[in-house]
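Q: Sharing work-v4.cif (mmCIF, C-alpha atoms) below.
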```cif
data_target
loop_
_atom_site.label_atom_id
_atom_site.label_comp_id
_atom_site.auth_asym_id
_atom_site.auth_seq_id
_atom_site.Cartn_x
_atom_site.Cartn_y
_atom_site.Cartn_z
CA MET A 1 112.12 131.83 97.69
CA ALA A 2 115.42 131.87 95.86
CA PHE A 3 118.38 129.53 96.04
CA ALA A 4 121.82 130.10 94.57
CA PRO A 5 123.36 129.21 92.22
CA MET A 6 121.31 129.52 89.05
CA GLY A 7 121.02 126.48 86.79
CA PRO A 8 119.99 126.03 83.15
CA GLU A 9 117.25 128.04 81.44
CA ALA A 10 113.65 127.16 82.28
CA SER A 11 113.00 125.25 79.03
CA PHE A 12 115.63 122.70 80.05
CA PHE A 13 113.21 121.35 82.65
CA ASP A 14 110.19 120.92 80.34
CA ALA A 15 110.35 117.09 80.38
CA LEU A 16 110.83 117.12 84.15
CA ASP A 17 107.88 119.47 84.60
CA ARG A 18 105.65 117.22 82.49
CA HIS A 19 106.78 114.21 84.50
CA ARG A 20 106.03 116.00 87.75
CA ALA A 21 102.58 116.99 86.50
CA SER A 22 101.78 113.33 85.84
CA LEU A 23 103.04 112.40 89.32
CA LEU A 24 100.90 115.08 90.95
CA ALA A 25 97.85 113.84 89.03
CA MET A 26 98.54 110.34 90.31
CA VAL A 27 98.94 111.59 93.88
CA THR A 28 95.67 113.51 93.62
CA ARG A 29 93.82 110.42 92.40
CA GLY A 30 95.12 108.44 95.38
CA ALA A 31 94.54 111.20 97.95
CA GLY A 32 92.83 110.07 101.11
CA GLU A 33 93.55 106.39 100.58
CA THR A 34 95.26 104.58 103.41
CA PRO A 35 96.70 101.27 102.22
CA ALA A 36 95.64 98.21 104.17
CA GLY A 37 98.18 97.20 106.78
CA ALA A 38 99.94 100.57 106.80
CA THR A 39 102.23 100.98 109.81
CA ARG A 40 101.41 104.22 111.56
CA VAL A 41 103.42 106.29 114.02
CA ALA A 42 102.12 105.13 117.38
CA SER A 43 101.80 107.43 120.40
CA SER A 44 104.12 106.93 123.36
CA SER A 45 101.27 105.70 125.54
CA GLU A 46 100.28 103.12 122.92
CA VAL A 47 103.82 101.75 122.70
CA LEU A 48 104.14 101.62 126.49
CA THR A 49 100.84 99.73 126.72
CA ALA A 50 101.96 97.29 124.02
CA ILE A 51 105.19 96.56 125.91
CA GLU A 52 103.28 96.13 129.19
CA ASN A 53 100.96 93.64 127.49
CA ILE A 54 103.92 91.59 126.27
CA ILE A 55 105.45 91.50 129.77
CA GLN A 56 102.09 90.52 131.26
CA ASP A 57 101.88 87.63 128.78
CA ILE A 58 105.30 86.43 129.96
CA ILE A 59 104.18 86.61 133.61
CA LYS A 60 100.99 84.69 132.80
CA SER A 61 102.99 82.00 131.01
CA LEU A 62 105.24 81.57 134.05
CA ALA A 63 102.20 81.42 136.36
CA ARG A 64 100.79 78.59 134.22
CA ASN A 65 104.15 76.80 134.19
CA GLU A 66 104.36 77.44 130.44
CA VAL A 67 107.46 78.45 128.56
CA PRO A 68 107.52 82.20 127.82
CA ALA A 69 108.06 83.01 124.16
CA PHE A 70 107.88 85.92 121.75
CA THR A 71 105.83 85.44 118.58
CA ILE A 72 107.17 87.39 115.62
CA ASP A 73 106.09 87.52 111.97
CA ASN A 74 108.47 85.62 109.71
CA ARG A 75 110.14 88.21 107.45
CA SER A 76 112.64 85.82 105.86
CA SER A 77 110.27 84.05 103.46
CA TRP A 78 108.86 85.35 100.17
CA GLU A 79 105.71 83.37 101.01
CA ASN A 80 104.89 86.05 103.59
CA ILE A 81 105.55 88.97 101.24
CA MET A 82 103.10 90.42 98.77
CA PHE A 83 103.67 93.08 96.13
CA ASP A 84 101.44 96.13 96.02
CA ASP A 85 102.15 98.43 93.07
CA SER A 86 101.27 101.49 95.15
CA VAL A 87 103.41 100.50 98.13
CA GLY A 88 106.01 97.93 97.19
CA LEU A 89 106.88 94.83 99.17
CA ARG A 90 104.72 94.37 102.26
CA MET A 91 103.79 91.55 104.55
CA ILE A 92 100.60 89.62 103.92
CA PRO A 93 97.85 90.12 106.56
CA ARG A 94 98.05 86.60 108.00
CA CYS A 95 101.64 85.53 107.59
CA THR A 96 103.45 82.65 109.23
CA THR A 97 105.20 83.38 112.50
CA ARG A 98 108.19 82.13 114.42
CA LYS A 99 108.59 81.72 118.15
CA ILE A 100 111.57 82.88 120.14
CA ARG A 101 111.40 80.56 123.12
CA SER A 102 113.10 81.05 126.46
CA ASP A 103 113.84 77.32 126.89
CA SER A 104 115.53 76.64 123.56
CA PRO A 105 119.34 76.67 123.38
CA LYS A 106 119.02 78.17 119.88
CA SER A 107 116.83 81.09 120.89
CA VAL A 108 117.29 81.68 124.62
CA LYS A 109 119.90 84.38 124.04
CA LYS A 110 117.69 86.13 121.47
CA PHE A 111 114.84 86.00 124.00
CA ALA A 112 117.07 87.65 126.62
CA LEU A 113 118.22 90.33 124.16
CA ILE A 114 114.67 91.26 123.20
CA LEU A 115 113.57 91.35 126.85
CA LYS A 116 116.53 93.56 127.79
CA ILE A 117 115.98 95.97 124.88
CA LEU A 118 112.23 96.13 125.58
CA SER A 119 113.02 97.34 129.09
CA MET A 120 115.40 99.96 127.73
CA ILE A 121 112.86 101.15 125.16
CA TYR A 122 110.24 101.42 127.90
CA LYS A 123 112.54 103.69 129.93
CA LEU A 124 113.42 105.81 126.87
CA ILE A 125 109.77 106.42 126.06
CA GLN A 126 108.87 107.13 129.70
CA SER A 127 111.62 109.76 129.95
CA ASP A 128 110.98 111.07 126.41
CA THR A 129 114.63 110.55 125.47
CA TYR A 130 116.26 108.87 122.50
CA ALA A 131 119.19 106.49 122.04
CA THR A 132 121.00 105.18 119.00
CA LYS A 133 121.34 101.48 118.32
CA ARG A 134 125.04 101.95 119.05
CA ASP A 135 124.22 103.45 122.47
CA ILE A 136 122.13 100.39 123.29
CA TYR A 137 124.90 98.01 122.25
CA TYR A 138 127.43 99.70 124.53
CA THR A 139 125.19 99.39 127.60
CA ASP A 140 125.97 95.66 127.77
CA ILE A 141 128.57 94.53 125.23
CA GLN A 142 128.96 91.16 126.95
CA LEU A 143 125.26 90.33 126.65
CA PHE A 144 124.72 91.65 123.14
CA GLY A 145 127.96 90.26 121.67
CA ASN A 146 127.85 92.38 118.50
CA GLN A 147 125.99 95.30 116.94
CA ALA A 148 124.20 93.08 114.42
CA ALA A 149 122.43 91.23 117.26
CA VAL A 150 121.08 94.54 118.59
CA ASP A 151 119.97 95.67 115.12
CA SER A 152 118.13 92.40 114.51
CA ALA A 153 116.42 92.46 117.91
CA ILE A 154 115.20 96.04 117.41
CA ASP A 155 113.74 95.16 114.01
CA ASP A 156 112.01 92.16 115.60
CA ILE A 157 110.57 94.37 118.35
CA SER A 158 109.35 96.93 115.82
CA CYS A 159 107.67 94.14 113.83
CA MET A 160 106.23 92.48 116.95
CA LEU A 161 104.71 95.74 118.24
CA LYS A 162 103.58 96.76 114.74
CA VAL A 163 105.11 100.22 115.07
CA PRO A 164 107.88 101.97 113.10
CA ARG A 165 111.28 102.05 114.76
CA ARG A 166 111.13 105.80 115.43
CA SER A 167 108.13 105.16 117.73
CA LEU A 168 110.51 103.12 119.90
CA HIS A 169 112.74 106.17 120.52
CA VAL A 170 115.63 104.25 118.96
CA LEU A 171 117.63 106.08 116.30
CA SER A 172 120.10 104.84 113.72
CA THR A 173 123.46 106.42 113.02
CA SER A 174 123.26 107.99 109.57
CA LYS A 175 125.83 107.30 106.88
CA GLY A 176 124.13 109.10 103.99
CA LEU A 177 124.84 112.56 102.56
CA ILE A 178 122.66 115.25 101.02
CA ALA A 179 123.48 118.27 98.84
CA GLY A 180 121.63 120.85 96.81
CA ASN A 181 118.72 123.22 97.17
CA LEU A 182 117.25 122.35 100.55
CA ARG A 183 116.79 124.12 103.88
CA TYR A 184 115.28 122.72 107.06
CA MET A 185 115.27 122.96 110.85
CA GLU A 186 116.32 120.11 113.10
CA GLU A 187 114.34 119.14 116.19
CA ASP A 188 116.65 121.12 118.49
CA GLY A 189 116.13 124.29 116.44
CA THR A 190 119.35 124.09 114.44
CA ARG A 191 118.85 125.57 110.97
CA VAL A 192 120.52 123.65 108.15
CA GLN A 193 121.12 124.91 104.64
CA CYS A 194 122.41 122.30 102.23
CA THR A 195 124.66 123.57 99.47
CA CYS A 196 125.69 122.65 95.94
CA ASN A 197 129.42 122.86 96.69
CA ALA A 198 131.84 120.03 97.42
CA THR A 199 130.90 119.85 101.12
CA ALA A 200 127.76 117.75 101.55
CA THR A 201 125.54 117.63 104.64
CA ALA A 202 125.17 114.47 106.70
CA VAL A 203 121.69 112.95 106.68
CA PRO A 204 120.10 113.78 110.07
CA THR A 205 119.78 111.09 112.72
CA ASN A 206 116.19 112.04 113.58
CA ILE A 207 114.30 112.41 110.28
CA GLN A 208 110.97 112.68 112.08
CA GLY A 209 112.31 115.79 113.86
CA MET A 210 113.04 117.67 110.62
CA GLN A 211 110.78 120.72 110.32
CA HIS A 212 110.12 123.64 107.97
CA LEU A 213 111.62 121.97 104.90
CA ILE A 214 112.01 124.40 101.99
CA THR A 215 113.15 123.70 98.42
CA ASP A 216 112.54 124.80 94.85
CA ALA A 217 114.27 121.70 93.46
CA LYS A 218 113.07 120.33 90.13
CA PHE A 219 114.22 116.80 90.93
CA LEU A 220 115.92 114.56 93.49
CA LEU A 221 118.79 112.34 92.33
CA ILE A 222 119.71 109.30 94.43
CA VAL A 223 123.32 108.32 93.73
CA GLU A 224 124.30 104.77 94.63
CA LYS A 225 127.94 105.30 95.54
CA ASP A 226 129.71 107.95 97.57
CA ALA A 227 132.58 108.16 95.06
CA THR A 228 130.17 109.04 92.23
CA PHE A 229 128.30 111.48 94.48
CA GLN A 230 131.55 113.28 95.36
CA ARG A 231 132.66 113.34 91.73
CA LEU A 232 129.39 114.98 90.69
CA LEU A 233 129.86 117.62 93.39
CA ASP A 234 133.47 118.20 92.30
CA ASP A 235 132.27 118.63 88.70
CA ASN A 236 129.72 121.23 89.88
CA PHE A 237 126.88 119.09 88.53
CA CYS A 238 124.58 120.09 91.38
CA SER A 239 125.22 123.80 90.71
CA ARG A 240 124.81 123.53 86.95
CA MET A 241 121.58 121.54 87.27
CA SER A 242 120.22 123.79 90.03
CA PRO A 243 117.66 123.75 91.47
CA CYS A 244 118.02 120.11 92.47
CA ILE A 245 118.78 117.82 95.42
CA MET A 246 121.27 114.93 95.49
CA VAL A 247 121.36 112.13 98.08
CA THR A 248 123.62 109.13 98.52
CA GLY A 249 123.23 106.21 100.92
CA LYS A 250 126.81 105.12 100.19
CA GLY A 251 125.74 101.75 98.82
CA ILE A 252 122.92 99.83 100.51
CA PRO A 253 120.97 102.67 102.13
CA ASP A 254 120.58 102.92 105.88
CA LEU A 255 117.15 103.52 107.38
CA ASN A 256 117.64 107.27 107.83
CA THR A 257 118.58 107.82 104.19
CA ARG A 258 115.46 105.94 103.09
CA LEU A 259 113.32 107.90 105.55
CA LEU A 260 114.80 111.17 104.26
CA VAL A 261 114.07 110.37 100.62
CA LYS A 262 110.55 109.31 101.60
CA LYS A 263 110.03 112.53 103.56
CA LEU A 264 111.22 114.66 100.63
CA TRP A 265 108.84 112.84 98.28
CA ASP A 266 105.89 113.08 100.65
CA THR A 267 106.56 116.79 101.28
CA PHE A 268 107.34 118.09 97.79
CA HIS A 269 106.28 115.40 95.27
CA ILE A 270 109.21 116.15 92.99
CA PRO A 271 110.52 113.53 90.54
CA VAL A 272 112.95 111.10 92.16
CA PHE A 273 115.60 109.37 90.02
CA THR A 274 118.34 106.83 90.72
CA LEU A 275 121.86 106.65 89.35
CA VAL A 276 123.29 103.18 89.98
CA ASP A 277 125.84 100.84 88.43
CA ALA A 278 124.59 98.71 85.55
CA ASP A 279 124.99 95.55 87.60
CA PRO A 280 122.61 93.35 89.62
CA TYR A 281 123.62 94.83 92.97
CA GLY A 282 123.13 98.40 91.76
CA VAL A 283 119.67 97.46 90.52
CA GLU A 284 118.85 95.83 93.87
CA ILE A 285 119.83 99.01 95.73
CA MET A 286 117.50 100.97 93.45
CA CYS A 287 114.72 98.47 94.20
CA ILE A 288 115.22 98.95 97.95
CA TYR A 289 114.50 102.68 97.60
CA LYS A 290 111.57 102.08 95.24
CA TYR A 291 109.91 98.91 96.54
CA GLY A 292 111.56 98.17 99.88
CA SER A 293 113.20 95.04 101.24
CA MET A 294 111.99 91.76 102.66
CA SER A 295 113.47 92.45 106.10
CA MET A 296 111.68 95.82 106.45
CA SER A 297 108.48 94.82 104.62
CA PHE A 298 106.43 95.36 107.79
CA GLU A 299 107.24 99.09 107.50
CA ALA A 300 107.05 99.47 103.73
CA HIS A 301 104.44 102.23 103.79
CA ASN A 302 106.87 104.50 105.66
CA LEU A 303 109.91 103.79 103.49
CA THR A 304 109.12 103.12 99.84
CA ILE A 305 108.70 105.49 96.90
CA PRO A 306 107.16 103.49 94.03
CA THR A 307 107.31 106.60 91.76
CA ILE A 308 111.12 106.40 91.56
CA ARG A 309 112.49 106.17 88.02
CA TRP A 310 115.71 104.55 86.77
CA LEU A 311 117.81 107.29 85.17
CA GLY A 312 121.05 105.38 84.70
CA LEU A 313 123.29 103.58 84.14
CA LEU A 314 121.09 101.47 81.85
CA PRO A 315 122.53 98.37 80.16
CA SER A 316 121.06 99.70 76.90
CA ASP A 317 123.06 102.93 77.41
CA ILE A 318 126.26 100.89 77.41
CA GLN A 319 125.47 99.65 73.91
CA ARG A 320 123.98 102.92 72.68
CA LEU A 321 127.00 104.95 73.74
CA ASN A 322 129.52 102.33 72.57
CA VAL A 323 131.24 102.25 75.95
CA PRO A 324 134.71 100.74 75.31
CA LYS A 325 135.07 97.08 76.20
CA ASP A 326 137.77 98.05 78.68
CA GLY A 327 134.99 99.50 80.83
CA LEU A 328 132.92 96.31 80.88
CA ILE A 329 133.23 93.53 83.45
CA ALA A 330 132.06 89.94 83.10
CA LEU A 331 129.24 88.93 85.44
CA THR A 332 130.44 86.70 88.26
CA LYS A 333 128.56 83.64 89.47
CA HIS A 334 127.18 85.70 92.37
CA ASP A 335 126.12 88.41 89.91
CA GLN A 336 124.24 85.89 87.80
CA LEU A 337 122.48 84.42 90.85
CA LYS A 338 121.46 87.91 91.97
CA LEU A 339 120.26 88.76 88.46
CA ASP A 340 118.18 85.57 88.30
CA SER A 341 116.70 86.48 91.68
CA LEU A 342 115.79 89.99 90.48
CA LEU A 343 114.07 88.66 87.39
CA ARG A 344 111.88 86.48 89.62
CA ARG A 345 110.88 89.35 91.93
CA PRO A 346 107.14 90.10 91.85
CA TYR A 347 107.60 93.77 90.94
CA ILE A 348 109.54 93.10 87.74
CA THR A 349 106.27 92.04 86.07
CA TYR A 350 105.06 95.61 86.55
CA GLN A 351 108.24 97.06 85.04
CA PRO A 352 108.56 95.63 81.50
CA LEU A 353 111.23 98.18 80.54
CA TRP A 354 113.29 97.24 83.57
CA LYS A 355 112.88 93.58 82.66
CA GLN A 356 114.21 94.29 79.15
CA GLU A 357 117.27 95.98 80.64
CA LEU A 358 117.93 93.09 83.02
CA GLU A 359 117.51 90.56 80.21
CA MET A 360 119.95 92.58 78.11
CA MET A 361 122.45 92.35 80.97
CA ALA A 362 121.85 88.61 81.26
CA ASP A 363 122.31 88.07 77.52
CA SER A 364 125.52 90.09 77.35
CA LYS A 365 126.87 88.51 80.57
CA MET A 366 128.53 91.88 81.19
CA LYS A 367 128.14 94.69 83.70
CA ALA A 368 129.52 98.20 84.01
CA GLU A 369 130.14 100.68 86.78
CA ILE A 370 129.12 104.31 86.37
CA GLN A 371 132.82 105.20 86.18
CA ALA A 372 132.99 103.40 82.82
CA LEU A 373 131.61 106.60 81.26
CA THR A 374 134.91 108.35 82.02
CA LEU A 375 136.37 106.29 79.15
CA LEU A 376 134.26 108.47 76.83
CA SER A 377 135.55 111.66 78.51
CA SER A 378 136.54 112.56 82.05
CA ASP A 379 133.40 114.62 82.70
CA TYR A 380 131.00 112.79 80.37
CA LEU A 381 128.73 111.76 83.27
CA SER A 382 128.18 115.26 84.64
CA ARG A 383 128.30 117.35 81.44
CA VAL A 384 126.73 115.09 78.80
CA TYR A 385 125.08 111.90 80.08
CA LEU A 386 123.00 113.17 83.00
CA PRO A 387 122.02 116.57 81.51
CA ASN A 388 120.77 114.89 78.31
CA LYS A 389 118.91 112.24 80.27
CA LEU A 390 117.17 114.88 82.37
CA ARG A 391 116.44 117.21 79.48
CA PHE A 392 114.99 114.63 77.11
CA GLY A 393 113.27 112.30 79.58
CA GLY A 394 115.72 109.42 79.39
CA TRP A 395 114.38 107.54 82.41
CA ILE A 396 112.33 104.36 82.74
#
```
Translate this structure into structure tokens?
A:
Amino acid sequence: MAFAPMGPEASFFDALDRHRASLLAMVTRGAGETPAGATRVASSSEVLTAIENIIQDIIKSLARNEVPAFTIDNRSSWENIMFDDSVGLRMIPRCTTRKIRSDSPKSVKKFALILKILSMIYKLIQSDTYATKRDIYYTDIQLFGNQAAVDSAIDDISCMLKVPRRSLHVLSTSKGLIAGNLRYMEEDGTRVQCTCNATATAVPTNIQGMQHLITDAKFLLIVEKDATFQRLLDDNFCSRMSPCIMVTGKGIPDLNTRLLVKKLWDTFHIPVFTLVDADPYGVEIMCIYKYGSMSMSFEAHNLTIPTIRWLGLLPSDIQRLNVPKDGLIALTKHDQLKLDSLLRRPYITYQPLWKQELEMMADSKMKAEIQALTLLSSDYLSRVYLPNKLRFGGWI
């Protein structure tokens, strides 16, 4: 299989090839292991049965003159979250729960929303059709009030049924983009060929439906911001570093972008790197891809890629490259609170080099966006910084 255009000579990728070999060895050692508590893709009949059981419980409560309520794992407390180095952040087996009661003024509307959406999900699965979260919202704007209420209710349902969201036949609208050496077929048979030129491909809505994925990419680069992603495409970085794949979630990644990156890792086991701002929020976005988030911890096994490495922008790079002070920004109070929170996260103990970088940021009280490298030269990021990092193994 050949992709155009041609990138650097083969020796350029020696460090990447060694890194991939170590990743493959790690994958081989862990082959066949299914982590405890892993959320699996449930069959349609299983999901339908689970919904029927919930409705039957409500009917039984009413028959006993009891107040119907939904019991949902509490995903808003770190006490219910454990860190597993091979998975990331996941919920503990016996976590505390919360009740969404039908007789409480604070939760009666949430109860109604969940009941309404459960009925819609049941019909979607029965008819083997799909709907986006936006579609669901527009079926009853007056009841739902806003899109966020629908999103929250669907996550609660997914957690309550112990199935990933895609088993509910509910899809998210994608905001992410992908470019580079990748071909695949969508569920409806549409063939997609991503390119290295300035026109990126939208991340598919139904990641599970992607079939026949083909690539010869040496690495996958996750770019935090759309502006940086577009600049790299404009500078022909993707072509010059070919074969490679680039993805952006345009900030905090949506579910589909995370599912795509996970699918690419599971399928090809190529090195995955992140390019984020040297600030607390950029680091947190990287951690979401690598270790997951508290709110989606019940589905961590389907979303996280603990093998991700931090390629840039490192706080130590700012000092090493003598980035002009004009490119540095003082940490705000919110930045400092976020940084303190990151340093207390359970996974930082397992990443001593990351901890050093975060402590360096804390000591300097300064942050920098990726664009600060343009003060060294307009194309420093694409022609010097990233190629050198990739060639000489400058990731942590």
Q: Go ahead and compute the interatomic distance for atom CA of A:Lys250 and atom CA of A:Pro306, in Å to one decimal.
A: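 Atom CA of A:Pro306 lies 20.7 Å from atom CA of A:Lys250.
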Q: Mind telling me what the PyMOL selection byres ((chain A and resi 233) around 9) catches here, as an NGL selection string?
A: :A and (179 or 196-200 or 228-232 or 234-239)
Q: Store the residues picked out above, limited to C-alpha atoms, as a JSON list (two decimals), in the coordinates of the input.
A:
```json
[["chain", "number", "residue", "atom", "x", "y", "z"],
["A", 179, "ALA", "CA", 123.48, 118.27, 98.84],
["A", 196, "CYS", "CA", 125.69, 122.65, 95.94],
["A", 197, "ASN", "CA", 129.42, 122.86, 96.69],
["A", 198, "ALA", "CA", 131.84, 120.03, 97.42],
["A", 199, "THR", "CA", 130.90, 119.85, 101.12],
["A", 200, "ALA", "CA", 127.76, 117.75, 101.55],
["A", 228, "THR", "CA", 130.17, 109.04, 92.23],
["A", 229, "PHE", "CA", 128.30, 111.48, 94.48],
["A", 230, "GLN", "CA", 131.55, 113.28, 95.36],
["A", 231, "ARG", "CA", 132.66, 113.34, 91.73],
["A", 232, "LEU", "CA", 129.39, 114.98, 90.69],
["A", 234, "ASP", "CA", 133.47, 118.20, 92.30],
["A", 235, "ASP", "CA", 132.27, 118.63, 88.70],
["A", 236, "ASN", "CA", 129.72, 121.23, 89.88],
["A", 237, "PHE", "CA", 126.88, 119.09, 88.53],
["A", 238, "CYS", "CA", 124.58, 120.09, 91.38],
["A", 239, "SER", "CA", 125.22, 123.80, 90.71]]
```
Q: Nearest to A:Ile318: which of A:Arg345, A:Lys367, A:Lys262, A:His301 is it, counting only C-alpha atoms?
A: A:Lys367
Q: List the residues matched by the PyMOL selection byres ((chain A and resi 116) around 12) in the displayed structure as an MDAnalysis selection string, ordered by chain and then by residue number.
A: chainID A and resid 51 55 109:115 117:123 136:137 139:140 143:144 150 153:154 157
Q: Out of A:Trp310, A:Tyr380, A:Trp78, A:Tyr350, which residue has the shortest atom-to-atom distance to A:Val323 when counting all atoms listed in the file?
A: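 Closest to A:Val323, using all atoms listed in the file: A:Tyr380.
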